[in-house]
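Visitor: Sharing structure14.tsv below, TSV, N, CA and C atoms:
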```
chain	number	residue	atom	x	y	z
A	1402	MET	N	-34.91	-76.29	195.32
A	1402	MET	CA	-35.94	-76.92	194.53
A	1402	MET	C	-36.44	-78.13	195.30
A	1403	ILE	N	-37.74	-78.23	195.50
A	1403	ILE	CA	-38.33	-79.32	196.26
A	1403	ILE	C	-39.11	-80.22	195.30
A	1404	PHE	N	-38.79	-81.52	195.35
A	1404	PHE	CA	-39.48	-82.49	194.52
A	1404	PHE	C	-40.25	-83.45	195.42
A	1405	PRO	N	-41.38	-83.98	194.95
A	1405	PRO	CA	-42.13	-84.95	195.74
A	1405	PRO	C	-41.29	-86.21	195.99
A	1406	LEU	N	-41.24	-86.65	197.23
A	1406	LEU	CA	-40.41	-87.80	197.61
A	1406	LEU	C	-40.79	-89.05	196.82
A	1407	GLU	N	-42.09	-89.31	196.66
A	1407	GLU	CA	-42.49	-90.53	195.96
A	1407	GLU	C	-42.03	-90.53	194.50
A	1408	GLU	N	-41.97	-89.36	193.88
A	1408	GLU	CA	-41.48	-89.28	192.50
A	1408	GLU	C	-39.97	-89.46	192.44
A	1409	MET	N	-39.27	-88.93	193.44
A	1409	MET	CA	-37.81	-89.09	193.48
A	1409	MET	C	-37.42	-90.55	193.65
A	1410	VAL	N	-38.17	-91.30	194.44
A	1410	VAL	CA	-37.88	-92.72	194.66
A	1410	VAL	C	-38.01	-93.49	193.36
A	1411	LYS	N	-39.01	-93.15	192.54
A	1411	LYS	CA	-39.24	-93.83	191.27
A	1411	LYS	C	-38.27	-93.39	190.17
A	1412	PHE	N	-37.69	-92.21	190.32
A	1412	PHE	CA	-36.85	-91.64	189.27
A	1412	PHE	C	-35.56	-92.44	189.10
A	1413	LYS	N	-35.21	-92.76	187.88
A	1413	LYS	CA	-34.05	-93.60	187.58
A	1413	LYS	C	-32.77	-92.81	187.34
A	1414	GLY	N	-32.85	-91.51	187.13
A	1414	GLY	CA	-31.67	-90.70	186.86
A	1414	GLY	C	-31.10	-90.09	188.12
A	1415	GLY	N	-30.14	-89.21	187.96
A	1415	GLY	CA	-29.51	-88.54	189.08
A	1415	GLY	C	-30.23	-87.26	189.46
A	1416	MET	N	-29.99	-86.81	190.68
A	1416	MET	CA	-30.63	-85.58	191.16
A	1416	MET	C	-30.19	-84.38	190.34
A	1417	TYR	N	-28.90	-84.33	189.98
A	1417	TYR	CA	-28.42	-83.21	189.16
A	1417	TYR	C	-29.15	-83.19	187.82
A	1418	GLU	N	-29.34	-84.36	187.24
A	1418	GLU	CA	-30.00	-84.47	185.94
A	1418	GLU	C	-31.41	-83.89	185.97
A	1419	ILE	N	-32.22	-84.29	186.93
A	1419	ILE	CA	-33.60	-83.81	186.98
A	1419	ILE	C	-33.65	-82.34	187.40
A	1420	SER	N	-32.70	-81.91	188.25
A	1420	SER	CA	-32.65	-80.50	188.66
A	1420	SER	C	-32.33	-79.61	187.47
A	1421	ALA	N	-31.37	-80.03	186.66
A	1421	ALA	CA	-30.99	-79.26	185.48
A	1421	ALA	C	-32.14	-79.21	184.48
A	1422	ALA	N	-32.81	-80.34	184.28
A	1422	ALA	CA	-33.94	-80.39	183.35
A	1422	ALA	C	-35.09	-79.50	183.84
A	1423	ALA	N	-35.37	-79.54	185.13
A	1423	ALA	CA	-36.46	-78.72	185.68
A	1423	ALA	C	-36.12	-77.23	185.60
A	1424	SER	N	-34.87	-76.89	185.83
A	1424	SER	CA	-34.45	-75.49	185.74
A	1424	SER	C	-34.61	-74.98	184.31
A	1425	ARG	N	-34.19	-75.79	183.37
A	1425	ARG	CA	-34.29	-75.40	181.96
A	1425	ARG	C	-35.75	-75.26	181.52
A	1426	ARG	N	-36.58	-76.22	181.95
A	1426	ARG	CA	-38.00	-76.16	181.59
A	1426	ARG	C	-38.67	-74.96	182.24
A	1427	ALA	N	-38.32	-74.65	183.49
A	1427	ALA	CA	-38.89	-73.48	184.17
A	1427	ALA	C	-38.52	-72.20	183.43
A	1428	TYR	N	-37.29	-72.14	182.95
A	1428	TYR	CA	-36.85	-70.99	182.16
A	1428	TYR	C	-37.69	-70.86	180.89
A	1429	GLN	N	-37.91	-71.99	180.21
A	1429	GLN	CA	-38.72	-71.97	179.00
A	1429	GLN	C	-40.14	-71.47	179.28
A	1430	LEU	N	-40.76	-71.98	180.34
A	1430	LEU	CA	-42.12	-71.57	180.69
A	1430	LEU	C	-42.18	-70.07	180.99
A	1431	ALA	N	-41.21	-69.58	181.71
A	1431	ALA	CA	-41.20	-68.16	182.09
A	1431	ALA	C	-40.96	-67.26	180.88
A	1432	MET	N	-40.08	-67.66	179.99
A	1432	MET	CA	-39.73	-66.82	178.84
A	1432	MET	C	-40.87	-66.71	177.82
A	1433	VAL	N	-41.62	-67.78	177.63
A	1433	VAL	CA	-42.70	-67.73	176.65
A	1433	VAL	C	-44.03	-67.36	177.29
A	1434	LYS	N	-43.99	-67.11	178.62
A	1434	LYS	CA	-45.20	-66.77	179.36
A	1434	LYS	C	-46.32	-67.76	179.06
A	1435	ASP	N	-46.00	-69.03	179.26
A	1435	ASP	CA	-46.92	-70.13	178.99
A	1435	ASP	C	-48.24	-69.93	179.75
A	1436	PRO	N	-49.37	-70.16	179.08
A	1436	PRO	CA	-50.68	-70.00	179.73
A	1436	PRO	C	-50.87	-70.90	180.96
A	1437	ILE	N	-50.10	-71.97	181.05
A	1437	ILE	CA	-50.22	-72.86	182.20
A	1437	ILE	C	-49.88	-72.13	183.51
A	1438	LEU	N	-49.09	-71.06	183.42
A	1438	LEU	CA	-48.72	-70.30	184.60
A	1438	LEU	C	-49.94	-69.62	185.21
A	1439	GLU	N	-50.88	-69.22	184.39
A	1439	GLU	CA	-52.12	-68.61	184.88
A	1439	GLU	C	-53.11	-69.65	185.37
A	1440	GLU	N	-53.07	-70.83	184.75
A	1440	GLU	CA	-54.00	-71.90	185.10
A	1440	GLU	C	-53.73	-72.43	186.50
A	1441	TYR	N	-52.45	-72.58	186.84
A	1441	TYR	CA	-52.06	-73.09	188.16
A	1441	TYR	C	-51.47	-71.96	188.97
A	1442	ASP	N	-51.72	-71.98	190.24
A	1442	ASP	CA	-51.18	-70.93	191.11
A	1442	ASP	C	-49.89	-71.41	191.76
A	1443	ASP	N	-49.09	-72.19	191.02
A	1443	ASP	CA	-47.83	-72.73	191.53
A	1443	ASP	C	-46.66	-71.90	191.03
A	1444	LYS	N	-45.52	-72.17	191.58
A	1444	LYS	CA	-44.30	-71.54	191.10
A	1444	LYS	C	-43.85	-72.24	189.83
A	1445	VAL	N	-43.08	-71.55	189.02
A	1445	VAL	CA	-42.66	-72.06	187.72
A	1445	VAL	C	-41.86	-73.35	187.85
A	1446	VAL	N	-40.96	-73.41	188.81
A	1446	VAL	CA	-40.14	-74.62	188.98
A	1446	VAL	C	-41.00	-75.81	189.38
A	1447	SER	N	-42.01	-75.58	190.21
A	1447	SER	CA	-42.91	-76.67	190.60
A	1447	SER	C	-43.67	-77.22	189.40
A	1448	ILE	N	-44.12	-76.32	188.54
A	1448	ILE	CA	-44.82	-76.75	187.32
A	1448	ILE	C	-43.88	-77.55	186.42
A	1449	ALA	N	-42.67	-77.05	186.26
A	1449	ALA	CA	-41.68	-77.73	185.42
A	1449	ALA	C	-41.37	-79.12	185.96
A	1450	ALA	N	-41.16	-79.23	187.26
A	1450	ALA	CA	-40.86	-80.53	187.87
A	1450	ALA	C	-42.02	-81.49	187.69
A	1451	ARG	N	-43.24	-81.00	187.89
A	1451	ARG	CA	-44.42	-81.85	187.71
A	1451	ARG	C	-44.50	-82.36	186.27
A	1452	GLN	N	-44.22	-81.49	185.31
A	1452	GLN	CA	-44.26	-81.90	183.89
A	1452	GLN	C	-43.22	-82.98	183.60
A	1453	LEU	N	-42.05	-82.87	184.20
A	1453	LEU	CA	-41.01	-83.86	183.97
A	1453	LEU	C	-41.35	-85.20	184.62
A	1454	PHE	N	-41.81	-85.16	185.86
A	1454	PHE	CA	-42.12	-86.40	186.56
A	1454	PHE	C	-43.33	-87.13	185.97
A	1455	THR	N	-44.27	-86.39	185.41
A	1455	THR	CA	-45.45	-87.03	184.81
A	1455	THR	C	-45.24	-87.33	183.32
A	1456	HIS	N	-44.04	-87.04	182.84
A	1456	HIS	CA	-43.68	-87.27	181.43
A	1456	HIS	C	-44.53	-86.47	180.46
A	1457	GLU	N	-45.05	-85.34	180.93
A	1457	GLU	CA	-45.78	-84.43	180.05
A	1457	GLU	C	-44.81	-83.78	179.06
A	1458	VAL	N	-43.59	-83.56	179.50
A	1458	VAL	CA	-42.52	-83.09	178.62
A	1458	VAL	C	-41.35	-84.05	178.77
A	1459	GLN	N	-40.58	-84.18	177.72
A	1459	GLN	CA	-39.41	-85.05	177.72
A	1459	GLN	C	-38.15	-84.21	177.67
A	1460	TYR	N	-37.07	-84.77	178.11
A	1460	TYR	CA	-35.78	-84.09	178.02
A	1460	TYR	C	-34.73	-85.11	177.62
A	1461	ARG	N	-33.61	-84.60	177.17
A	1461	ARG	CA	-32.49	-85.48	176.84
A	1461	ARG	C	-31.21	-84.79	177.28
A	1462	ILE	N	-30.23	-85.58	177.57
A	1462	ILE	CA	-28.95	-85.05	177.98
A	1462	ILE	C	-28.15	-84.77	176.72
A	1463	GLY	N	-27.74	-83.52	176.55
A	1463	GLY	CA	-27.01	-83.14	175.35
A	1463	GLY	C	-25.54	-83.49	175.44
A	1464	ASP	N	-24.92	-83.51	174.30
A	1464	ASP	CA	-23.48	-83.76	174.22
A	1464	ASP	C	-22.76	-82.50	174.65
A	1465	SER	N	-21.85	-82.62	175.59
A	1465	SER	CA	-21.15	-81.43	176.11
A	1465	SER	C	-20.04	-80.97	175.19
A	1466	GLN	N	-19.69	-81.75	174.18
A	1466	GLN	CA	-18.65	-81.37	173.24
A	1466	GLN	C	-19.29	-80.68	172.03
A	1467	ASN	N	-18.63	-79.67	171.54
A	1467	ASN	CA	-19.12	-79.01	170.32
A	1467	ASN	C	-18.58	-79.77	169.12
A	1468	SER	N	-19.45	-80.41	168.39
A	1468	SER	CA	-19.02	-81.19	167.22
A	1468	SER	C	-19.44	-80.52	165.95
```
Would you mind giving the structure from this file in structure tokens?

Guide:
Amino acid sequence: MIFPLEEMVKFKGGMYEISAAASRRAYQLAMVKDPILEEYDDKVVSIAARQLFTHEVQYRIGDSQNS
């Protein structure tokens, strides 16, 4: 997964965190066949990463314990 360097420098979280969020968002886009996939000629992960870095979509870190 390749992220823009300037966005990575500004990012306050960890690389694993943004990678996991981008992977999950890419999965969501692919499963619902989001119209944005036709609008842009990019790969799904690139679109997901762009959405995360531009704050078009938000994510949160879930609790790993089942409560």

Visitor: Determine, counting only C-alpha atoms, every residue of protein, DNA or RNA that lies within 12 Å of (-37.0, -75.9, 192.1) in the file coordinates, then give the result as a list of chain:residue names.

Guide: A:Met1402, A:Ile1403, A:Phe1404, A:Pro1405, A:Met1416, A:Tyr1417, A:Ile1419, A:Ser1420, A:Ala1421, A:Ala1422, A:Ala1423, A:Ser1424, A:Arg1425, A:Arg1426, A:Ala1427, A:Tyr1428, A:Asp1443, A:Lys1444, A:Val1445, A:Val1446, A:Ser1447, A:Ile1448, A:Ala1449, A:Ala1450, A:Arg1451

Visitor: Could you tell me how far atom CA of A:Val1433 sits from atom N of A:Phe1412, in Å to one decimal place?

Guide: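 Distance between the two atoms: 28.5 Å.
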
Visitor: Give me every alpha helix (DSSP H) residue in chain A, going by DSSP on the backbone, as a ChimeraX atom specification.

Guide: /A:1406-1411,1416-1433,1437-1440,1445-1454

Visitor: What does the structure give for the distance between atom CA of A:Gly1463 and atom CA of A:Lys1411, in Å to one decimal?

Guide: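 It comes out at 22.7 Å.
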
Visitor: Go ahead and compute the interatomic distance for atom CA of A:Glu1407 and atom CA of A:Ile1462, in Å to one decimal.

Guide: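 Separation between atom CA of A:Glu1407 and atom CA of A:Ile1462: 23.2 Å.
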